[in-house]
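The structure appears right after this line, and notes come after that.
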Amino acid sequence: QAGVALGSYSYNNETGSVSGRSGPLSATLGFSYHATEGYRDNGLLRGKNIGTNIEEITKSLVPAGKLDEFVLSELVKQADVKSVIDLMATWDIEYAKPLTAAVKEFVKTKNIAVLELALDKFCYENSLQKLGKDPDSEIVRDFIALEIDITDMLTILRLKREKVDKEEIRNFLIDGGKFLTPKKIKSLLESKNHEDFIKVMSGTVYHDSLKKGYG
């Protein structure tokens with residue numbers, strides 16, 4: 001088979017693309033990868049990156065929190081990705097912090113994944129820091145930890161496919177996963193093929209999905 005499904009995500013190993021949610025802000029900023037043909041680009045930065053017109057980008061945006069309708073309407077008017085990030089920084093929008101830190105690499109490589117992964121890492125780690133110790137928070141913590149595992153596995157799959165050095169891949173991985181221990185992460189980074197990758201995840205809730213996807 002060409003792809004593997006993990007939770008609400010799916011990875012296409014022929015194209016290196018991922019579909020599904022890719023972080024808490026995916027609905028608004030469009031940080032998701034798309035594997036299907038003919039998809040409509042839905043997201044502010046992704047839309048700006050590929051030159052989607054303002055009307056189309058606006059249709060896809062979901063106002064929420066500090067990114068309300070007015071803020072989004074101003075951001076969407078910016079000329080390019082860097083201008084959007086600069087305005088977010090000027091308005092002290094918290095998501096500007098990881099994006100600003102990653103924008104130099106984005107300008108250099110023109111790879112939107114640099115920003116996607118930086119934002120994912122910020123959002124997940126920030127969410128974990130804000131959780132309390134009560135039972136409800138622990139339930140949320142477990143859910144986020146599973147999402148982190150999945151995001152990290154997909155990041156490793158995608159960046160290994162792009163021949164990114166394993167030590168550089170580590171910079172994009174998120175702390176706080178449930179089953180991805182440092183030992184497993186090391187083994188995943190050193191895996192030579194899909195069979196090795198699946199074997200590393202033996203005994204976890206992800207093993208069957210990975211095996212089915214690559215079977």
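Chains: A, B, ... in order of the structure tokens. Residues: from 1 per chain. Ligands: from 1, in order shown.
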Close residues, Glu195 (chain A) itself excluded, 12 Å, only C-alpha atoms, min 5 positions apart in chain, as a list in words: Leu188, Val200, Met201, Ser202, His207, Leu210, Lys211, Lys212, Gly213, Tyr214 and Gly215 of chain A
Contact residues around Lys121 (chain A) with only C-alpha atoms at 12 Å, ignoring same-chain residues under 3 positions, as an MDAnalysis selection string: chainID A and resid 22:25 31 95 97:99 102 113:118 124:128 144 147:149 151:152 155 170:177
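Here CA of Glu105 (chain A) is placed at a distance of 12.7 Å from CA of Val81 (chain A).
Shell of Lys160 (chain A) at 10 Å, with only C-alpha atoms counted and residues fewer than 3 places along the chain excluded, is A:Gly16, A:Leu154, A:Thr155, A:Ile156, A:Leu157, A:Lys163, A:Val164, A:Asp165, A:Lys166, A:Ile169, A:Leu188, A:Leu189, A:Glu190, A:Ser191, A:Lys192, A:Asn193.
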Those same residues - N, CA and C atoms - I'd like them written as a compact mmCIF listing (two decimals), in the first residue's frame.
```
# COMPACT_ATOMS: atom_id res chain seq x y z
N GLY A 16 5.56 11.41 0.18
CA GLY A 16 6.09 12.07 1.37
C GLY A 16 5.11 13.04 1.98
N LEU A 154 5.49 11.06 12.06
CA LEU A 154 5.30 11.56 10.71
C LEU A 154 6.43 12.50 10.31
N THR A 155 6.93 13.27 11.26
CA THR A 155 8.06 14.16 10.99
C THR A 155 9.28 13.34 10.60
N ILE A 156 9.54 12.28 11.36
CA ILE A 156 10.70 11.43 11.07
C ILE A 156 10.55 10.77 9.69
N LEU A 157 9.37 10.24 9.41
CA LEU A 157 9.14 9.61 8.10
C LEU A 157 9.37 10.60 6.96
N LYS A 163 15.94 12.96 3.02
CA LYS A 163 17.37 12.79 3.25
C LYS A 163 17.95 13.82 4.23
N VAL A 164 17.12 14.27 5.16
CA VAL A 164 17.59 15.20 6.18
C VAL A 164 18.41 14.43 7.21
N ASP A 165 19.53 14.99 7.64
CA ASP A 165 20.39 14.34 8.62
C ASP A 165 19.62 14.06 9.91
N LYS A 166 19.88 12.89 10.49
CA LYS A 166 19.10 12.47 11.66
C LYS A 166 19.26 13.42 12.84
N ILE A 169 16.99 16.30 12.20
CA ILE A 169 15.60 15.92 12.42
C ILE A 169 15.23 16.10 13.89
N LEU A 188 14.22 4.90 15.67
CA LEU A 188 13.48 5.33 14.49
C LEU A 188 14.37 6.15 13.56
N LEU A 189 15.18 7.01 14.14
CA LEU A 189 16.09 7.84 13.34
C LEU A 189 17.14 6.99 12.63
N GLU A 190 17.49 5.87 13.24
CA GLU A 190 18.52 4.99 12.66
C GLU A 190 17.93 3.90 11.77
N SER A 191 16.60 3.81 11.71
CA SER A 191 15.96 2.77 10.90
C SER A 191 16.34 2.94 9.43
N LYS A 192 16.59 1.80 8.76
CA LYS A 192 17.05 1.81 7.37
C LYS A 192 15.90 1.74 6.37
N ASN A 193 14.77 1.22 6.83
CA ASN A 193 13.63 1.05 5.93
C ASN A 193 12.35 0.98 6.74
```
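The space separating CA of Lys108 (chain A) from CA of Lys82 (chain A) comes to 11.8 Å.
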Residue list (helix (DSSP H, G or I), DSSP) for region 169-211 of chain A, as a PyMOL selection string: chain A and resi 169-170+182-190+194-200+207-211
